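Listing of work21.cif, mmCIF, C-alpha atoms
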```cif
data_final
loop_
_atom_site.label_atom_id
_atom_site.label_comp_id
_atom_site.auth_asym_id
_atom_site.auth_seq_id
_atom_site.Cartn_x
_atom_site.Cartn_y
_atom_site.Cartn_z
CA MET R 1 34.57 55.59 -82.83
CA LYS R 2 34.87 52.55 -80.57
CA SER R 3 37.96 50.37 -80.67
CA THR R 4 37.59 46.90 -82.19
CA LEU R 5 37.92 45.22 -78.78
CA ASN R 6 35.15 47.44 -77.39
CA GLN R 7 32.97 46.47 -80.33
CA ILE R 8 33.71 42.82 -79.64
CA GLU R 9 32.59 43.32 -76.04
CA ASP R 10 29.33 44.82 -77.32
CA ILE R 11 28.88 41.81 -79.59
CA LYS R 12 29.48 39.44 -76.64
CA LYS R 13 26.72 41.19 -74.69
CA ASN R 14 24.21 42.04 -77.40
CA GLY R 15 25.03 39.84 -80.39
CA PHE R 16 24.47 41.08 -83.93
CA SER R 17 22.50 40.26 -87.05
CA LEU R 18 23.28 40.37 -90.75
CA ASP R 19 21.24 40.70 -93.90
CA PHE R 20 22.24 37.81 -96.16
CA ALA R 21 21.31 39.52 -99.44
CA THR R 22 23.17 42.72 -98.60
CA VAL R 23 26.38 40.93 -97.64
CA PHE R 24 26.25 38.61 -100.66
CA ASN R 25 25.60 41.44 -103.11
CA HIS R 26 28.40 43.48 -101.58
CA ALA R 27 30.78 40.51 -101.93
CA PHE R 28 29.80 39.87 -105.55
CA GLU R 29 30.16 43.51 -106.59
CA ASN R 30 33.52 43.66 -104.86
CA TYR R 31 34.63 40.44 -106.53
CA LYS R 32 33.85 41.81 -109.99
CA LYS R 33 36.28 44.67 -109.35
CA ILE R 34 39.23 42.46 -108.44
CA ALA R 35 38.62 39.13 -110.22
CA LEU R 36 40.67 39.70 -113.39
CA TYR R 37 43.65 41.41 -111.77
CA SER R 38 43.85 39.00 -108.85
CA GLY R 39 43.44 36.04 -111.20
CA LEU R 40 46.44 37.12 -113.26
CA ILE R 41 48.49 37.54 -110.07
CA ILE R 42 47.50 34.08 -108.85
CA LEU R 43 48.34 32.59 -112.26
CA VAL R 44 51.84 34.06 -112.27
CA PHE R 45 52.65 33.08 -108.69
CA SER R 46 51.10 29.62 -109.12
CA ILE R 47 53.49 28.95 -111.99
CA ILE R 48 56.44 30.21 -109.92
CA ALA R 49 55.37 28.08 -106.93
CA ALA R 50 54.88 24.97 -109.11
CA VAL R 51 58.32 25.33 -110.68
CA ALA R 52 59.91 25.87 -107.25
CA PHE R 53 58.09 22.85 -105.80
CA MET R 54 59.17 20.59 -108.66
CA GLY R 55 62.73 21.83 -108.27
CA ILE R 56 62.74 21.00 -104.57
CA MET R 57 61.22 17.55 -105.15
CA ILE R 58 63.74 16.70 -107.87
CA ALA R 59 66.64 18.01 -105.77
CA TYR R 60 65.55 15.92 -102.76
CA PHE R 61 64.15 12.75 -104.33
CA GLY R 62 65.70 12.84 -107.80
CA ALA R 63 64.07 12.89 -111.22
CA GLU R 64 61.86 9.93 -110.29
CA ALA R 65 59.86 12.30 -108.06
CA MET R 66 57.98 13.40 -111.17
CA THR R 67 56.84 9.90 -112.14
CA LYS R 68 53.30 8.67 -111.59
CA ASP R 69 54.41 5.62 -109.61
CA PHE R 70 56.44 7.73 -107.18
CA ILE R 71 53.51 10.08 -106.54
CA GLN R 72 51.12 7.17 -105.95
CA ASN R 73 53.55 5.46 -103.58
CA PHE R 74 54.14 8.73 -101.73
CA GLU R 75 50.39 9.27 -101.29
CA ASN R 76 49.90 5.72 -99.96
CA GLN R 77 52.91 5.85 -97.64
CA GLN R 78 52.29 5.27 -93.93
CA PHE R 79 54.12 7.97 -91.99
CA THR R 80 55.85 7.37 -88.67
CA SER R 81 55.07 9.52 -85.62
CA ILE R 82 58.20 11.61 -86.19
CA GLN R 83 57.29 12.14 -89.83
CA LEU R 84 53.77 13.20 -88.85
CA VAL R 85 55.20 15.75 -86.40
CA ILE R 86 57.51 17.10 -89.09
CA GLN R 87 54.62 17.21 -91.55
CA THR R 88 52.42 19.04 -89.05
CA VAL R 89 55.05 21.68 -88.33
CA ALA R 90 55.90 22.06 -92.03
CA VAL R 91 52.26 22.53 -93.06
CA SER R 92 51.74 25.04 -90.24
CA LEU R 93 54.85 27.01 -91.22
CA VAL R 94 53.68 27.18 -94.82
CA ALA R 95 50.25 28.34 -93.63
CA GLY R 96 51.84 31.08 -91.54
CA ILE R 97 54.24 32.25 -94.24
CA THR R 98 51.61 32.36 -96.99
CA ALA R 99 48.85 33.93 -94.83
CA PRO R 100 50.04 37.53 -95.46
CA PHE R 101 49.80 36.80 -99.19
CA GLY R 102 46.15 35.84 -98.75
CA ALA R 103 45.62 38.90 -96.56
CA GLY R 104 46.86 40.97 -99.46
CA PHE R 105 43.71 40.07 -101.38
CA LEU R 106 41.67 41.49 -98.49
CA LYS R 107 43.66 44.71 -98.90
CA MET R 108 42.91 44.61 -102.62
CA ALA R 109 39.21 44.09 -101.87
CA ASP R 110 39.27 47.07 -99.49
CA SER R 111 41.02 49.28 -102.04
CA ALA R 112 38.54 48.29 -104.76
CA ASP R 113 35.63 48.99 -102.42
CA LYS R 114 36.96 52.51 -101.80
CA ASP R 115 37.93 53.07 -105.46
CA ILE R 116 41.60 53.29 -104.51
CA GLU R 117 44.13 52.15 -107.11
CA PHE R 118 45.86 48.84 -106.37
CA ASN R 119 48.66 46.90 -108.05
CA VAL R 120 50.86 43.82 -107.59
CA SER R 121 52.63 45.33 -104.58
CA THR R 122 49.25 45.46 -102.78
CA ILE R 123 49.44 41.68 -102.36
CA PHE R 124 52.62 42.05 -100.31
CA THR R 125 51.31 44.84 -98.07
CA TYR R 126 51.30 42.65 -94.97
CA TYR R 127 54.77 41.16 -95.36
CA LYS R 128 56.07 43.93 -93.12
CA ALA R 129 55.82 45.10 -89.54
CA PRO R 130 53.64 45.20 -87.57
CA TYR R 131 51.36 42.91 -89.58
CA PHE R 132 53.53 39.96 -90.61
CA ALA R 133 54.24 38.56 -87.14
CA GLN R 134 50.60 38.83 -86.04
CA ILE R 135 49.22 37.29 -89.24
CA PHE R 136 51.82 34.51 -89.09
CA VAL R 137 50.84 33.61 -85.51
CA ALA R 138 47.10 33.84 -86.29
CA ALA R 139 47.56 31.35 -89.13
CA PHE R 140 50.21 29.13 -87.51
CA ILE R 141 48.38 28.38 -84.23
CA PRO R 142 45.08 27.15 -85.78
CA ALA R 143 47.01 25.28 -88.48
CA ILE R 144 49.24 23.38 -86.07
CA LEU R 145 46.36 22.55 -83.73
CA GLY R 146 44.01 21.52 -86.53
CA THR R 147 46.63 19.51 -88.41
CA ALA R 148 47.90 17.81 -85.25
CA ILE R 149 44.41 16.75 -84.17
CA ALA R 150 43.52 15.64 -87.70
CA ASN R 151 46.70 13.55 -88.04
CA LEU R 152 46.19 12.01 -84.61
CA ILE R 153 42.65 10.95 -85.45
CA GLU R 154 43.45 9.70 -88.94
CA SER R 155 46.46 7.74 -87.66
CA SER R 156 43.97 5.86 -85.49
CA GLY R 157 42.23 4.68 -88.64
CA ILE R 158 39.28 7.08 -88.48
CA VAL R 159 39.08 8.59 -91.96
CA PHE R 160 37.43 11.88 -92.98
CA VAL R 161 37.13 13.10 -89.39
CA GLY R 162 40.47 14.87 -89.75
CA ASN R 163 39.14 16.84 -92.71
CA ILE R 164 36.07 17.82 -90.72
CA ILE R 165 38.29 19.06 -87.87
CA SER R 166 40.35 21.20 -90.26
CA PHE R 167 37.13 22.49 -91.82
CA MET R 168 35.71 23.53 -88.45
CA VAL R 169 38.96 25.24 -87.41
CA SER R 170 38.82 27.32 -90.61
CA TYR R 171 35.18 28.15 -89.88
CA PHE R 172 35.88 29.52 -86.41
CA MET R 173 38.93 31.42 -87.69
CA TYR R 174 36.84 33.00 -90.46
CA LEU R 175 37.45 36.60 -89.38
CA SER R 176 40.78 36.33 -87.56
CA ILE R 177 42.90 37.79 -90.37
CA PRO R 178 40.64 40.79 -91.18
CA LEU R 179 40.47 41.52 -87.45
CA ILE R 180 44.26 41.96 -87.59
CA VAL R 181 44.59 43.92 -90.82
CA PHE R 182 41.48 46.09 -90.44
CA GLY R 183 40.78 45.92 -86.71
CA ASN R 184 44.42 46.25 -85.59
CA LEU R 185 44.11 43.37 -83.12
CA LYS R 186 46.97 41.18 -81.93
CA ALA R 187 46.96 37.58 -83.12
CA ILE R 188 45.59 35.98 -79.95
CA ASP R 189 42.90 38.66 -79.57
CA ALA R 190 41.93 38.16 -83.23
CA ILE R 191 41.62 34.40 -82.78
CA LYS R 192 39.47 34.76 -79.65
CA SER R 193 37.38 37.53 -81.24
CA SER R 194 36.73 35.48 -84.38
CA ILE R 195 35.43 32.63 -82.24
CA ILE R 196 33.16 35.04 -80.34
CA ILE R 197 31.75 36.51 -83.55
CA VAL R 198 31.12 33.12 -85.15
CA THR R 199 29.38 31.74 -82.05
CA LYS R 200 27.14 34.81 -81.80
CA ASN R 201 25.77 34.35 -85.31
CA PRO R 202 26.78 30.82 -86.38
CA LEU R 203 24.20 30.21 -89.12
CA ASN R 204 24.83 33.36 -91.12
CA ILE R 205 28.60 33.11 -90.76
CA PHE R 206 28.46 29.45 -91.75
CA ALA R 207 26.40 30.35 -94.82
CA PHE R 208 28.94 32.99 -95.88
CA PHE R 209 31.78 30.57 -95.14
CA ILE R 210 30.27 27.86 -97.36
CA ILE R 211 29.23 30.23 -100.15
CA GLY R 212 32.68 31.79 -100.19
CA PHE R 213 34.25 28.35 -100.50
CA LEU R 214 31.83 27.10 -103.16
CA GLY R 215 32.06 30.36 -105.09
CA SER R 216 35.83 30.10 -105.16
CA MET R 217 35.53 26.55 -106.56
CA VAL R 218 33.24 27.51 -109.45
CA GLY R 219 36.29 27.80 -111.70
CA PHE R 220 36.60 23.99 -111.68
CA ILE R 221 33.45 23.77 -113.82
CA GLY R 222 34.30 23.30 -117.48
CA CYS R 223 37.95 24.29 -117.22
CA CYS R 224 39.95 23.81 -114.04
CA VAL R 225 42.24 26.74 -114.82
CA GLY R 226 39.25 29.02 -114.25
CA ILE R 227 39.70 28.59 -110.51
CA ILE R 228 42.50 31.16 -110.55
CA PHE R 229 39.86 33.77 -111.39
CA THR R 230 37.22 32.55 -108.93
CA VAL R 231 39.27 31.64 -105.84
CA VAL R 232 39.45 35.28 -104.76
CA PHE R 233 35.65 35.34 -104.38
CA ASN R 234 36.23 33.95 -100.90
CA SER R 235 38.32 37.03 -100.03
CA SER R 236 35.51 39.30 -101.20
CA MET R 237 33.02 37.32 -99.10
CA ILE R 238 35.20 37.57 -95.99
CA TYR R 239 35.69 41.29 -96.60
CA ALA R 240 31.96 41.90 -97.08
CA THR R 241 31.17 39.98 -93.90
CA TYR R 242 33.70 41.99 -91.90
CA PHE R 243 32.42 45.23 -93.42
CA ALA R 244 28.83 44.35 -92.49
CA ILE R 245 29.80 43.82 -88.86
CA PHE R 246 32.42 46.51 -88.26
CA GLY R 247 32.31 48.91 -91.19
CA THR R 248 35.71 50.24 -92.23
CA GLN R 249 38.32 52.29 -90.44
CA SER R 250 37.55 55.30 -92.58
CA GLU R 251 33.98 55.45 -91.38
CA GLU R 252 33.30 57.95 -88.65
CA GLU R 253 30.15 56.37 -87.38
CA ASP R 254 30.14 53.89 -84.54
CA SER R 255 30.61 50.57 -86.35
CA ILE R 256 28.42 48.59 -84.00
CA ASP R 257 25.62 51.13 -84.33
CA SER R 258 25.97 50.88 -88.11
CA ILE R 259 25.11 47.18 -87.96
CA GLY R 260 21.50 48.31 -87.99
CA LYS R 261 21.63 48.95 -91.70
CA TYR R 262 22.28 45.23 -92.23
CA ASN R 263 19.79 43.99 -89.62
CA VAL R 264 17.04 41.58 -90.47
CA ASP R 265 15.33 42.16 -87.12
#
```
How does the structure come out when it is put into structure tokens?
Amino acid sequence: MKSTLNQIEDIKKNGFSLDFATVFNHAFENYKKIALYSGLIILVFSIIAAVAFMGIMIAYFGAEAMTKDFIQNFENQQFTSIQLVIQTVAVSLVAGITAPFGAGFLKMADSADKDIEFNVSTIFTYYKAPYFAQIFVAAFIPAILGTAIANLIESSGIVFVGNIISFMVSYFMYLSIPLIVFGNLKAIDAIKSSIIIVTKNPLNIFAFFIIGFLGSMVGFIGCCVGIIFTVVFNSSMIYATYFAIFGTQSEEEDSIDSIGKYNVD
């Protein structure tokens, strides 16, 4: 079986194609297996994170941090250059530290796909060597670049462009994390490989990217709390996309050759 980097080289030379229906159906079936369990995990940790955040805000700003006026004033505050730098680094650090948690849902999706039992500890699979450092870097670099560019543009008075920049960075990094956890790539190789894959089939990848995002937001309809049970759909979509391109490590066939079963050509 070819290494992931060798498969990436084949993709650079020959490209690849994907069957939309097959990938979507795979993602949906996978999602149904993990939705309830992952939703309960997200609910518990969301409560813990909210309590911790409120505690930090109260400890730093005082009890007034929980008032409506304080929140509105904070949102409308014009940050100095130093504050923007601090904000950029802080956001990027949070992105890096929480990325292995998100990667845990990919592990859960993989386990469900192979009918392997998973539990709460599955979510923390990648908070250990050799994965944590690579996942942290793969999340930190795009986050700090995207946030820095977005803040620079928005500080010039150009609104919404910053959000578009962040959106596009996420799009090109679509497969960077699964390339680390399933493809065993280093962070920089995963970032470069994700860009290569996206540019070789931009329309299909963009469609999966958007559908994964919209599908994860469905929980806002009717009752906002429902999002905790739908947000993981994006993980299933990313997993199904990766599977369609590379297969899984347990497969003995050449993963690039196996792309044929998803071809629309």
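Considering only C-alpha atoms, the residue among R:Leu179, R:Lys186, R:Ser216, R:Ala240 positioned nearest to R:Gln7 is R:Leu179.
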* Resolved residues for the PyMOL selection byres ((chain R and resi 147) around 12) as an NGL selection string -> :R and (84-93 or 95 or 139-146 or 148-155 or 161-170)
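Once the PyMOL selection byres ((chain R and resi 10) around 12) is applied to the shown structure, the selection contains Lys2, Ser3, Thr4, Leu5, Asn6, Gln7, Ile8, Glu9, Ile11, Lys12, Lys13, Asn14, Gly15, Phe16, Ser193, Ile196, Ile197, Lys200, Ile245, Phe246, Asp254, Ser255, Ile256, Asp257 and Ile259 of chain R.
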* To one decimal in Å, tell me the separation between atom CA of R:Thr122 and atom CA of R:Ile42. => 13.0 Å
* the PyMOL selection byres ((chain R and resi 185) around 12) on the file shown: which residues, as a PyMOL selection string? -> chain R and resi 3-8+130-131+133-135+138+175-184+186-194
* Structure fact -> From atom CA of R:Ile227 to atom CA of R:Ala35 the spacing works out at 10.6 Å
* To do: Considering all atoms listed in the file, state which residue in the set R:Ile116, R:Leu203, R:Val137, R:Ile56 is at the smallest distance from R:Gly96.
  =>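 The shortest atom-to-atom distance to R:Gly96 comes from R:Val137.
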* Straight-line distance linking atom CA of R:Asp113 with atom CA of R:Lys33, stated in Å to one decimal ->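 These two atoms are separated by 8.2 Å.
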* **From R:Asn30, R:Ser81, R:Thr199, R:Ser111, residue lying nearest R:Ser235 [all atoms listed in the file]** =>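 Among the listed residues, the smallest separation from R:Ser235 belongs to R:Asn30.
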* Which one of R:His26, R:Phe101, R:Ile238, R:Lys114 sits closest to R:Tyr127 if you count all atoms listed in the file? ->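 The closest residue to R:Tyr127 is R:Phe101.
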Please, what is the axis-aligned box for every listed atom of stretch 129-148 of chain R with 4 Å on each side, as centre and edge lengths in Å to one decimal, as JSON?
```
{"center_x": 49.9, "center_y": 31.5, "center_z": -87.2, "size_x": 19.8, "size_y": 35.4, "size_z": 14.9}
```
* **Residue with smallest distance to R:Val44 - pool R:Ile82, R:Met237, R:Phe209, R:Ile228, counting only C-alpha atoms** =>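 Nearest candidate to R:Val44 out of R:Ile82, R:Met237, R:Phe209, R:Ile228: R:Ile228.
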* Asked: Smallest atom-to-atom distance to R:Asn119: which of R:Phe24, R:Phe105, R:Phe213, R:Phe132, using all atoms listed in the file?
  ->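 Among the listed residues, the smallest separation from R:Asn119 belongs to R:Phe105.
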